[in-house]
Amino acid sequence: MPVTQHAPGVDFDALVEAYRPLPGVPDEMLGPDGRPLPHWQRFLGMLGALGPGEIERRFAGADRYMHEAGVFYRAYEEADRAERPWPLAHMPLLMAPGQWAKLSAGLVERAEVLEAILRDIHGPQSLVREGVLPAAVVAGSPDFLRPMVDPDRSRTHLMFYAADLGRGPDGQWRVLEDRADAPWGSAYALQNRMAIEHALPTIFRGMRVHRLANFFDLFRAALAGLGGGSSARVGLLTPGILNQAYFEHAYLARYLGLLLVEGGDLTVRDAMAYVRTVKGLQAIDVLWRRLDASAADPLVLDSASQIGVPGLVRAIRAGNLRIANSLGAGFAQSRVLLAFMPRIAERLLGRPLALPGIASWWCGEAAGRRFVLDEFDRLVIAPAYETAVSEEGLPDAPVATAELDAPARARLLAAIGRRGIDFVGQEMLKLSTMPVWDGKCLQPRPFLLRVFVARTRHGWKVMPGAFCRVSPGEDPRAISLLAGGRSADVWVIADGRVDSKSLLPGDDGAVVRRHTGALPSRAGDNFFWLGRYVERIDAALRLLRAYIGRMTEEPDQAAPVQGALAAALAELDVLDAVDPDAGPMDVARMACANLPRIVGPAFNAAARVRDRFSPDGWRALRDLDALVRAPYGPAPTESELAERIGQSLRLVSAFSGLAQENMSRQSAWLFLETGRRIERAAATTSFALRFAASAMVPLGCDVLLELIDSSITYRQRYSIQASRATVLDLAVLDPGNPRSVAFQIGRIREHAAALTVRTGGDMPDELEAQAGRLQARFAQSRASAVDDAFLEETTATLHAMAARAGDSFFADPGPGQNLELDLDRTAS
């Protein structure tokens, strides 16, 4: 039976005929007769009609979308924890309506059981008292947090749950792992969907695929409901930019309209949780927690945590803060619990679970340990808890015992004998496969599904899609992104009309807002320093360009100027101590090699606020960071260095232009611009001190004009050789020159006034007053008065203004300060 009839393109009939499923496991594309299932037939027909060239173009477009969207992940397993591009598998996994309905029902049932377990162990502990669950399983778990035990309260523990699913040789789906603490992957599933839908829009619509937006909309409403309704302030609590899933945290916060906060953004006062903002402390009602529970409160839980919030447990226990998922929910994802789920299900439901877990045996019980030792070579041995095994030489993740060498096998057996409670044995499951397009043909590859379930006001809701990870080869145990695995979109086919809901608001009932909420102090601080760092990069690149540009001049003329330029580069930490015998080319190469020193801080500051960044602005900084870190040849030439510097300057200019054109004039932009203007004014003042000094005239004046990009303007005004007075007037006092100090001061005053209004002040801030006084002084000054003392005093004032910005907007207010707005809101 042919797959379909279609126009000349890819002959999927032949590809299917050549498709060889792996022996002994089901394949998701094929039915019992070995032919594609109906929904796969329809999909392959539409895809094949595109033709091989068009298919490759579409798939390349999906990869380009991922790159431009900045989708990445980090790997804890690697020392550098560098950002890795997201590995997208181009073929989606198709799920039939009936198959998905059974999975959804089983997941909802499982979520209810896990919720009941969590309520019991944090409350009456009936399962332990009745012998259904051994006390050692609970007490030995690092995820069982005694401070959260409260028998008199009925707390919701699970709001967002996920399960890793695989289908075995018998065709039965099983839960391989429960994810209940802070499950990740939903945003990556959403990005996979956007990329593939972007690449195959007509096929996507023709296949009637369920959309994901309604799932996220319902969950967003549920989070707000925890805090009392739509006016609740809801935050997403992230461990920070080095977390492996930080992209997901930033993306979800932006997509759902949540406030992205780190532990340092929060404080607890009188059992109330507050966000440190540029307007002062503001109460927060709900946190969607994405950091480990043990790290959440160093006062009560892990005292070594530097990413938590002191006093957070107190706010939760007082009922003033709701958190999803609860602290302690991670107990539900302990592997040891899989061994007792059948017994618990019989106790709670009176029947087996519809969606069973992988067969597991706890080595803390005599019967389980005996079975594991008898069947040792046929099982996978895993830590009972994710952090249970710390002894060197023992596995900290599931390991197939058959692959262990003799010493490793002996160590593991000895460890089980000494402390069996730390280990579980699990069946070795061969996973079903799905087709993967390798550019020429379809290949069967094992895969895992992570399916997400959210608690909503309508009950549990299963996301109609999943986070799918596909093995790079035929080994089902190698499903790892680091090992070359990829991630695929999952299309759940509808058997009727598809919900077209989007999280973009429609006209009906839309609330028009022209201002965002209060900016967290940390975000404002990072924007402020980002502006400063970008201007330092600009200054360093211009100094380097001027230095290299004078290599062709006569040494007697170039040496004094190059010496001053090198000294300026050293002040910016681009040059270390230079060997007296080093030539100009050696100095230039050293400075270019050190550029990552000043680009790195800008990139890191931007990474901390990337949820508030346009993708284009982020790409400009990312490309700049990659460019300055790219290795040179063994002996780069003058022209190669100059070309690299020119490219870098264009990227800096691109970022600045994007910030001007694409960022709304809210507090974040004002802080970014204030930082830029203060740093540019300070740099120009420093250049004037150094290059307009009497000993440097007239050559230094030409350098100063070059550094502030004002040579053309000067030549249009003056036909004579550059003089100190005329150059200083243009560089320092001219309010119409966008590179002058006076221009920067005018912008600083404007931004400070706007920030005073934005942050609720009714009197001018000292920053605005400082800028106003300096602006008045500049307006009354003449070029003849701009001497070293004038410039040094200006530099000191600019430094004081930078410090004042931090004191005014980023410092933590003391108890009782700036709370009146939120106290009014709480009282109402």
# chains A, B, ... in the order shown; residues from 1 in each chain; ligands from 1

call {"tool": "residues_around", "arguments": {"residues": "Ile748 of chain A", "least_positions_apart": "3", "cutoff": "7 Å", "atoms": "only C-alpha atoms", "output": "list of chain:residue names"}}
result
A:Thr674, A:Arg677, A:Gln744, A:Ile745, A:His751, A:Ala752, A:Ala771

call {"tool": "write_last_selection", "arguments": {"atoms": "N, CA, C and O atoms", "output": "PDB file, in the first residue's frame"}}
result
ATOM      1  N   THR A 674      21.558  55.809  31.309  1.00  0.00           N
ATOM      2  CA  THR A 674      22.267  56.583  32.324  1.00  0.00           C
ATOM      3  C   THR A 674      23.679  56.038  32.511  1.00  0.00           C
ATOM      4  O   THR A 674      24.653  56.809  32.595  1.00  0.00           O
ATOM      5  N   ARG A 677      25.785  57.022  29.455  1.00  0.00           N
ATOM      6  CA  ARG A 677      26.140  58.443  29.378  1.00  0.00           C
ATOM      7  C   ARG A 677      27.191  58.807  30.435  1.00  0.00           C
ATOM      8  O   ARG A 677      28.106  59.589  30.156  1.00  0.00           O
ATOM      9  N   GLN A 744      26.424  64.462  27.142  1.00  0.00           N
ATOM     10  CA  GLN A 744      26.149  63.333  28.042  1.00  0.00           C
ATOM     11  C   GLN A 744      25.505  63.829  29.338  1.00  0.00           C
ATOM     12  O   GLN A 744      24.557  63.208  29.848  1.00  0.00           O
ATOM     13  N   ILE A 745      26.000  64.934  29.853  1.00  0.00           N
ATOM     14  CA  ILE A 745      25.456  65.449  31.113  1.00  0.00           C
ATOM     15  C   ILE A 745      23.997  65.860  30.935  1.00  0.00           C
ATOM     16  O   ILE A 745      23.155  65.627  31.819  1.00  0.00           O
ATOM     17  N   HIS A 751      17.448  61.730  32.066  1.00  0.00           N
ATOM     18  CA  HIS A 751      17.145  60.367  32.504  1.00  0.00           C
ATOM     19  C   HIS A 751      16.929  60.321  34.016  1.00  0.00           C
ATOM     20  O   HIS A 751      16.053  59.597  34.504  1.00  0.00           O
ATOM     21  N   ALA A 752      17.730  61.076  34.777  1.00  0.00           N
ATOM     22  CA  ALA A 752      17.561  61.085  36.228  1.00  0.00           C
ATOM     23  C   ALA A 752      16.194  61.648  36.606  1.00  0.00           C
ATOM     24  O   ALA A 752      15.534  61.144  37.532  1.00  0.00           O
ATOM     25  N   ALA A 771      23.638  66.382  38.241  1.00  0.00           N
ATOM     26  CA  ALA A 771      23.719  66.605  36.798  1.00  0.00           C
ATOM     27  C   ALA A 771      23.315  68.023  36.437  1.00  0.00           C
ATOM     28  O   ALA A 771      23.920  68.657  35.550  1.00  0.00           O
TER      29      ALA A 771
END

call {"tool": "select_by_dssp", "arguments": {"residues": "segment 325-431 of chain A", "states": "strand (DSSP E)", "output": "number ranges by chain"}}
result
A: 360-362, 379-383, 399-400, 423-427

call {"tool": "atom_distance", "arguments": {"atom1": "atom CA of Leu299 of chain A", "atom2": "atom CA of Gly311 of chain A"}}
result
6.5 Å

call {"tool": "closest_residue", "arguments": {"among": "A:Met585, A:Ala695, A:Ala668, A:Ala593", "to": "Phe527 of chain A", "atoms": "only C-alpha atoms"}}
result
A:Ala668

call {"tool": "residues_around", "arguments": {"residues": "Pro342 of chain A", "least_positions_apart": "4", "cutoff": "9 Å", "atoms": "only C-alpha atoms", "output": "list in words"}}
result
Leu338, Glu346, Arg347, Arg351, Pro352, Leu353, Pro356 and Gly357 of chain A

call {"tool": "write_last_selection", "arguments": {"atoms": "all heavy atoms", "output": "mmCIF file, in the first residue's frame"}}
result
data_model
loop_
_atom_site.group_PDB
_atom_site.id
_atom_site.type_symbol
_atom_site.label_atom_id
_atom_site.label_comp_id
_atom_site.auth_asym_id
_atom_site.auth_seq_id
_atom_site.Cartn_x
_atom_site.Cartn_y
_atom_site.Cartn_z
ATOM 1 N N LEU A 338 9.460 4.636 43.428
ATOM 2 C CA LEU A 338 8.923 3.792 42.351
ATOM 3 C C LEU A 338 8.726 2.354 42.826
ATOM 4 O O LEU A 338 7.810 1.661 42.367
ATOM 5 C CB LEU A 338 9.873 3.822 41.152
ATOM 6 C CG LEU A 338 9.964 5.143 40.376
ATOM 7 C CD1 LEU A 338 11.117 5.087 39.370
ATOM 8 C CD2 LEU A 338 8.652 5.431 39.652
ATOM 9 N N GLU A 346 -2.559 0.692 45.522
ATOM 10 C CA GLU A 346 -3.581 -0.217 46.056
ATOM 11 C C GLU A 346 -4.196 0.355 47.330
ATOM 12 O O GLU A 346 -5.401 0.250 47.553
ATOM 13 C CB GLU A 346 -2.971 -1.594 46.329
ATOM 14 C CG GLU A 346 -2.634 -2.399 45.085
ATOM 15 C CD GLU A 346 -3.879 -2.873 44.334
ATOM 16 O OE1 GLU A 346 -4.986 -2.816 44.910
ATOM 17 O OE2 GLU A 346 -3.736 -3.287 43.166
ATOM 18 N N ARG A 347 -3.353 1.001 48.139
ATOM 19 C CA ARG A 347 -3.854 1.580 49.386
ATOM 20 C C ARG A 347 -4.734 2.796 49.121
ATOM 21 O O ARG A 347 -5.782 2.963 49.750
ATOM 22 C CB ARG A 347 -2.659 1.962 50.264
ATOM 23 C CG ARG A 347 -2.934 2.906 51.402
ATOM 24 C CD ARG A 347 -3.858 2.338 52.464
ATOM 25 N NE ARG A 347 -3.996 3.256 53.571
ATOM 26 C CZ ARG A 347 -4.762 4.353 53.561
ATOM 27 N NH1 ARG A 347 -5.471 4.658 52.485
ATOM 28 N NH2 ARG A 347 -4.820 5.128 54.645
ATOM 29 N N ARG A 351 -6.617 -0.109 43.375
ATOM 30 C CA ARG A 351 -6.332 -0.743 42.089
ATOM 31 C C ARG A 351 -4.932 -0.322 41.642
ATOM 32 O O ARG A 351 -4.374 0.649 42.164
ATOM 33 C CB ARG A 351 -7.351 -0.312 41.031
ATOM 34 C CG ARG A 351 -7.295 1.170 40.711
ATOM 35 C CD ARG A 351 -8.283 1.572 39.618
ATOM 36 N NE ARG A 351 -8.100 2.960 39.222
ATOM 37 C CZ ARG A 351 -8.616 4.001 39.865
ATOM 38 N NH1 ARG A 351 -9.368 3.800 40.941
ATOM 39 N NH2 ARG A 351 -8.396 5.238 39.431
ATOM 40 N N PRO A 352 -4.366 -1.023 40.661
ATOM 41 C CA PRO A 352 -3.060 -0.612 40.137
ATOM 42 C C PRO A 352 -3.175 0.709 39.375
ATOM 43 O O PRO A 352 -4.243 1.083 38.894
ATOM 44 C CB PRO A 352 -2.660 -1.763 39.198
ATOM 45 C CG PRO A 352 -3.531 -2.903 39.596
ATOM 46 C CD PRO A 352 -4.813 -2.309 40.092
ATOM 47 N N LEU A 353 -2.045 1.384 39.270
ATOM 48 C CA LEU A 353 -2.000 2.607 38.465
ATOM 49 C C LEU A 353 -2.213 2.287 37.000
ATOM 50 O O LEU A 353 -1.703 1.283 36.481
ATOM 51 C CB LEU A 353 -0.654 3.302 38.642
ATOM 52 C CG LEU A 353 -0.411 4.013 39.978
ATOM 53 C CD1 LEU A 353 1.073 4.340 40.133
ATOM 54 C CD2 LEU A 353 -1.242 5.282 40.057
ATOM 55 N N PRO A 356 1.858 2.580 34.892
ATOM 56 C CA PRO A 356 2.801 2.088 35.909
ATOM 57 C C PRO A 356 4.188 2.690 35.732
ATOM 58 O O PRO A 356 4.551 3.192 34.669
ATOM 59 C CB PRO A 356 2.822 0.576 35.651
ATOM 60 C CG PRO A 356 2.521 0.452 34.185
ATOM 61 C CD PRO A 356 1.551 1.564 33.877
ATOM 62 N N GLY A 357 4.972 2.585 36.798
ATOM 63 C CA GLY A 357 6.363 2.976 36.719
ATOM 64 C C GLY A 357 7.226 1.795 36.322
ATOM 65 O O GLY A 357 6.787 0.643 36.308
#

call {"tool": "residues_around", "arguments": {"residues": "Trp86 of chain A", "least_positions_apart": "6", "cutoff": "8 Å", "atoms": "only C-alpha atoms", "output": "ChimeraX atom specification"}}
result
/A:66-67,71-73

call {"tool": "write_last_selection", "arguments": {"atoms": "C-alpha atoms", "output": "compact mmCIF listing (two decimals), in the first residue's frame"}}
result
# COMPACT_ATOMS: atom_id res chain seq x y z
CA MET A 66 16.54 28.39 17.16
CA HIS A 67 19.81 30.25 16.69
CA VAL A 71 17.87 28.92 22.58
CA PHE A 72 20.62 27.24 24.58
CA TYR A 73 21.32 24.94 27.49

call {"tool": "residues_around", "arguments": {"residues": "Glu115 of chain A", "least_positions_apart": "2", "cutoff": "8 Å", "atoms": "only C-alpha atoms", "output": "ChimeraX atom specification"}}
result
/A:111-113,117-119,156-158

call {"tool": "closest_residue", "arguments": {"among": "A:Ala602, A:Ala62, A:Val786, A:Ala329", "to": "Val149 of chain A", "atoms": "only C-alpha atoms"}}
result
A:Ala329

call {"tool": "residues_around", "arguments": {"residues": "His122 of chain A", "least_positions_apart": "4", "cutoff": "12 Å", "atoms": "only C-alpha atoms", "output": "PyMOL selection string"}}
result
chain A and resi 115-118+126-128+138-139+143-157+326-329+331-332

call {"tool": "write_last_selection", "arguments": {"atoms": "N, CA, C and O atoms", "output": "compact mmCIF listing (two decimals), in the first residue's frame"}}
result
# COMPACT_ATOMS: atom_id res chain seq x y z
N GLU A 115 0.39 13.71 44.83
CA GLU A 115 -0.07 14.78 45.71
C GLU A 115 -0.53 14.20 47.05
O GLU A 115 -0.21 14.75 48.13
N ALA A 116 -1.25 13.09 47.00
CA ALA A 116 -1.71 12.46 48.25
C ALA A 116 -0.54 11.98 49.09
O ALA A 116 -0.55 12.09 50.33
N ILE A 117 0.50 11.44 48.45
CA ILE A 117 1.69 11.00 49.18
C ILE A 117 2.36 12.18 49.87
O ILE A 117 2.73 12.10 51.05
N LEU A 118 2.52 13.29 49.14
CA LEU A 118 3.19 14.45 49.71
C LEU A 118 2.40 15.04 50.87
O LEU A 118 2.96 15.45 51.89
N SER A 126 0.22 8.69 57.59
CA SER A 126 -0.52 7.44 57.72
C SER A 126 0.15 6.31 56.95
O SER A 126 0.13 5.15 57.40
N LEU A 127 0.74 6.60 55.79
CA LEU A 127 1.37 5.55 54.99
C LEU A 127 2.52 4.90 55.75
O LEU A 127 2.74 3.68 55.64
N VAL A 128 3.23 5.68 56.52
CA VAL A 128 4.33 5.13 57.31
C VAL A 128 3.77 4.33 58.49
O VAL A 128 4.22 3.21 58.78
N VAL A 138 11.30 7.63 53.95
CA VAL A 138 10.97 9.05 54.15
C VAL A 138 12.11 9.75 54.88
O VAL A 138 12.63 10.78 54.42
N ALA A 139 12.50 9.22 56.01
CA ALA A 139 13.50 9.89 56.84
C ALA A 139 14.86 9.97 56.14
O ALA A 139 15.63 10.91 56.38
N ASP A 143 15.20 15.05 50.23
CA ASP A 143 14.12 15.92 49.79
C ASP A 143 12.99 16.01 50.81
O ASP A 143 12.03 16.77 50.60
N PHE A 144 13.05 15.19 51.87
CA PHE A 144 12.06 15.30 52.94
C PHE A 144 12.54 16.37 53.90
O PHE A 144 13.54 16.19 54.61
N LEU A 145 11.86 17.50 53.91
CA LEU A 145 12.29 18.66 54.68
C LEU A 145 11.43 18.78 55.93
O LEU A 145 10.26 19.16 55.86
N ARG A 146 12.00 18.44 57.06
CA ARG A 146 11.23 18.43 58.31
C ARG A 146 10.60 19.77 58.66
O ARG A 146 9.51 19.81 59.23
N PRO A 147 11.25 20.91 58.36
CA PRO A 147 10.59 22.18 58.69
C PRO A 147 9.26 22.40 57.96
O PRO A 147 8.49 23.26 58.37
N MET A 148 9.01 21.63 56.89
CA MET A 148 7.78 21.81 56.14
C MET A 148 6.68 20.87 56.61
O MET A 148 5.56 20.88 56.08
N VAL A 149 6.95 20.03 57.61
CA VAL A 149 5.93 19.13 58.15
C VAL A 149 4.97 19.95 59.01
O VAL A 149 5.39 20.69 59.90
N ASP A 150 3.69 19.81 58.73
CA ASP A 150 2.68 20.57 59.46
C ASP A 150 1.38 19.77 59.45
O ASP A 150 0.58 19.89 58.52
N PRO A 151 1.14 18.95 60.46
CA PRO A 151 -0.03 18.07 60.45
C PRO A 151 -1.36 18.83 60.43
O PRO A 151 -2.38 18.28 60.03
N ASP A 152 -1.37 20.08 60.85
CA ASP A 152 -2.64 20.81 60.97
C ASP A 152 -2.99 21.61 59.72
O ASP A 152 -4.03 22.26 59.68
N ARG A 153 -2.13 21.60 58.71
CA ARG A 153 -2.41 22.39 57.51
C ARG A 153 -2.54 21.47 56.30
O ARG A 153 -1.88 20.45 56.20
N SER A 154 -3.42 21.86 55.39
CA SER A 154 -3.59 21.13 54.14
C SER A 154 -3.03 21.99 53.02
O SER A 154 -3.69 22.91 52.52
N ARG A 155 -1.77 21.74 52.66
CA ARG A 155 -1.07 22.57 51.68
C ARG A 155 -1.03 21.86 50.34
O ARG A 155 -0.78 20.66 50.27
N THR A 156 -1.26 22.60 49.26
CA THR A 156 -1.10 22.04 47.92
C THR A 156 0.39 21.93 47.62
O THR A 156 1.14 22.90 47.75
N HIS A 157 0.82 20.75 47.22
CA HIS A 157 2.24 20.52 46.99
C HIS A 157 2.61 20.58 45.51
O HIS A 157 3.62 21.16 45.15
N SER A 326 5.75 22.99 46.20
CA SER A 326 6.08 23.21 47.59
C SER A 326 7.51 22.78 47.90
O SER A 326 8.09 21.95 47.20
N LEU A 327 8.07 23.36 48.95
CA LEU A 327 9.35 22.89 49.44
C LEU A 327 9.13 21.49 50.03
O LEU A 327 8.34 21.32 50.95
N GLY A 328 9.81 20.52 49.50
CA GLY A 328 9.61 19.13 49.90
C GLY A 328 8.93 18.30 48.84
O GLY A 328 8.86 17.07 48.96
N ALA A 329 8.44 18.93 47.77
CA ALA A 329 7.78 18.17 46.70
C ALA A 329 8.75 17.25 45.99
O ALA A 329 8.34 16.27 45.36
N PHE A 331 10.46 15.00 47.12
CA PHE A 331 10.39 13.62 47.60
C PHE A 331 9.65 12.73 46.60
O PHE A 331 9.97 11.54 46.47
N ALA A 332 8.68 13.29 45.89
CA ALA A 332 7.87 12.50 44.96
C ALA A 332 8.67 12.02 43.76
O ALA A 332 8.19 11.15 43.01

call {"tool": "decode", "arguments": {"residues": "segment 549-581 of chain A", "atoms": "N, CA and C atoms", "output": "mmCIF file, in the first residue's frame"}}
result
data_model
loop_
_atom_site.group_PDB
_atom_site.id
_atom_site.type_symbol
_atom_site.label_atom_id
_atom_site.label_comp_id
_atom_site.auth_asym_id
_atom_site.auth_seq_id
_atom_site.Cartn_x
_atom_site.Cartn_y
_atom_site.Cartn_z
ATOM 1 N N GLY A 549 46.491 52.364 13.915
ATOM 2 C CA GLY A 549 46.537 53.295 12.786
ATOM 3 C C GLY A 549 47.808 54.110 12.728
ATOM 4 N N ARG A 550 48.548 54.181 13.811
ATOM 5 C CA ARG A 550 49.784 54.972 13.828
ATOM 6 C C ARG A 550 51.040 54.129 13.670
ATOM 7 N N MET A 551 50.855 52.857 13.355
ATOM 8 C CA MET A 551 52.024 52.000 13.162
ATOM 9 C C MET A 551 52.791 52.343 11.893
ATOM 10 N N THR A 552 52.115 52.958 10.957
ATOM 11 C CA THR A 552 52.785 53.284 9.685
ATOM 12 C C THR A 552 53.444 54.658 9.721
ATOM 13 N N GLU A 553 53.250 55.400 10.803
ATOM 14 C CA GLU A 553 53.849 56.726 10.899
ATOM 15 C C GLU A 553 55.317 56.616 11.307
ATOM 16 N N GLU A 554 56.020 57.734 11.147
ATOM 17 C CA GLU A 554 57.420 57.777 11.569
ATOM 18 C C GLU A 554 57.511 57.503 13.073
ATOM 19 N N PRO A 555 58.442 56.649 13.493
ATOM 20 C CA PRO A 555 58.531 56.281 14.916
ATOM 21 C C PRO A 555 58.655 57.481 15.847
ATOM 22 N N ASP A 556 59.418 58.511 15.439
ATOM 23 C CA ASP A 556 59.601 59.654 16.322
ATOM 24 C C ASP A 556 58.279 60.363 16.587
ATOM 25 N N GLN A 557 57.413 60.423 15.573
ATOM 26 C CA GLN A 557 56.125 61.078 15.751
ATOM 27 C C GLN A 557 55.121 60.172 16.443
ATOM 28 N N ALA A 558 55.169 58.874 16.101
ATOM 29 C CA ALA A 558 54.147 57.956 16.606
ATOM 30 C C ALA A 558 54.387 57.548 18.047
ATOM 31 N N ALA A 559 55.639 57.487 18.486
ATOM 32 C CA ALA A 559 55.958 56.924 19.804
ATOM 33 C C ALA A 559 55.241 57.632 20.953
ATOM 34 N N PRO A 560 55.284 58.983 21.026
ATOM 35 C CA PRO A 560 54.595 59.628 22.164
ATOM 36 C C PRO A 560 53.092 59.356 22.175
ATOM 37 N N VAL A 561 52.478 59.386 20.996
ATOM 38 C CA VAL A 561 51.032 59.150 20.917
ATOM 39 C C VAL A 561 50.723 57.702 21.288
ATOM 40 N N GLN A 562 51.514 56.771 20.745
ATOM 41 C CA GLN A 562 51.255 55.359 21.054
ATOM 42 C C GLN A 562 51.490 55.068 22.537
ATOM 43 N N GLY A 563 52.457 55.747 23.128
ATOM 44 C CA GLY A 563 52.673 55.567 24.564
ATOM 45 C C GLY A 563 51.465 56.017 25.372
ATOM 46 N N ALA A 564 50.894 57.154 24.989
ATOM 47 C CA ALA A 564 49.697 57.642 25.690
ATOM 48 C C ALA A 564 48.505 56.721 25.447
ATOM 49 N N LEU A 565 48.389 56.220 24.230
ATOM 50 C CA LEU A 565 47.294 55.289 23.935
ATOM 51 C C LEU A 565 47.452 53.995 24.729
ATOM 52 N N ALA A 566 48.688 53.499 24.820
ATOM 53 C CA ALA A 566 48.926 52.275 25.587
ATOM 54 C C ALA A 566 48.607 52.493 27.070
ATOM 55 N N ALA A 567 48.940 53.663 27.597
ATOM 56 C CA ALA A 567 48.634 53.957 28.994
ATOM 57 C C ALA A 567 47.122 53.984 29.220
ATOM 58 N N ALA A 568 46.386 54.549 28.250
ATOM 59 C CA ALA A 568 44.925 54.581 28.363
ATOM 60 C C ALA A 568 44.345 53.171 28.302
ATOM 61 N N LEU A 569 44.910 52.317 27.456
ATOM 62 C CA LEU A 569 44.451 50.930 27.382
ATOM 63 C C LEU A 569 44.744 50.181 28.672
ATOM 64 N N ALA A 570 45.872 50.485 29.296
ATOM 65 C CA ALA A 570 46.201 49.839 30.569
ATOM 66 C C ALA A 570 45.194 50.230 31.645
ATOM 67 N N GLU A 571 44.748 51.485 31.635
ATOM 68 C CA GLU A 571 43.747 51.930 32.610
ATOM 69 C C GLU A 571 42.433 51.170 32.446
ATOM 70 N N LEU A 572 42.136 50.739 31.240
ATOM 71 C CA LEU A 572 40.918 49.977 30.976
ATOM 72 C C LEU A 572 41.130 48.476 31.150
ATOM 73 N N ASP A 573 42.299 48.078 31.633
ATOM 74 C CA ASP A 573 42.635 46.671 31.900
ATOM 75 C C ASP A 573 42.725 45.849 30.619
ATOM 76 N N VAL A 574 43.056 46.508 29.517
ATOM 77 C CA VAL A 574 43.250 45.796 28.261
ATOM 78 C C VAL A 574 44.723 45.475 28.055
ATOM 79 N N LEU A 575 45.578 46.185 28.742
ATOM 80 C CA LEU A 575 47.016 45.928 28.661
ATOM 81 C C LEU A 575 47.567 45.663 30.049
ATOM 82 N N ASP A 576 48.443 44.661 30.143
ATOM 83 C CA ASP A 576 49.196 44.424 31.365
ATOM 84 C C ASP A 576 50.525 45.175 31.261
ATOM 85 N N ALA A 577 51.392 44.920 32.193
ATOM 86 C CA ALA A 577 52.722 45.511 32.105
ATOM 87 C C ALA A 577 53.388 45.080 30.808
ATOM 88 N N VAL A 578 53.877 46.041 30.066
ATOM 89 C CA VAL A 578 54.451 45.778 28.748
ATOM 90 C C VAL A 578 55.969 45.702 28.853
ATOM 91 N N ASP A 579 56.519 44.695 28.226
ATOM 92 C CA ASP A 579 57.985 44.543 28.163
ATOM 93 C C ASP A 579 58.578 45.759 27.452
ATOM 94 N N PRO A 580 59.561 46.409 28.050
ATOM 95 C CA PRO A 580 60.158 47.597 27.404
ATOM 96 C C PRO A 580 60.674 47.316 25.998
ATOM 97 N N ASP A 581 61.053 46.066 25.743
ATOM 98 C CA ASP A 581 61.580 45.735 24.417
ATOM 99 C C ASP A 581 60.481 45.357 23.427
#
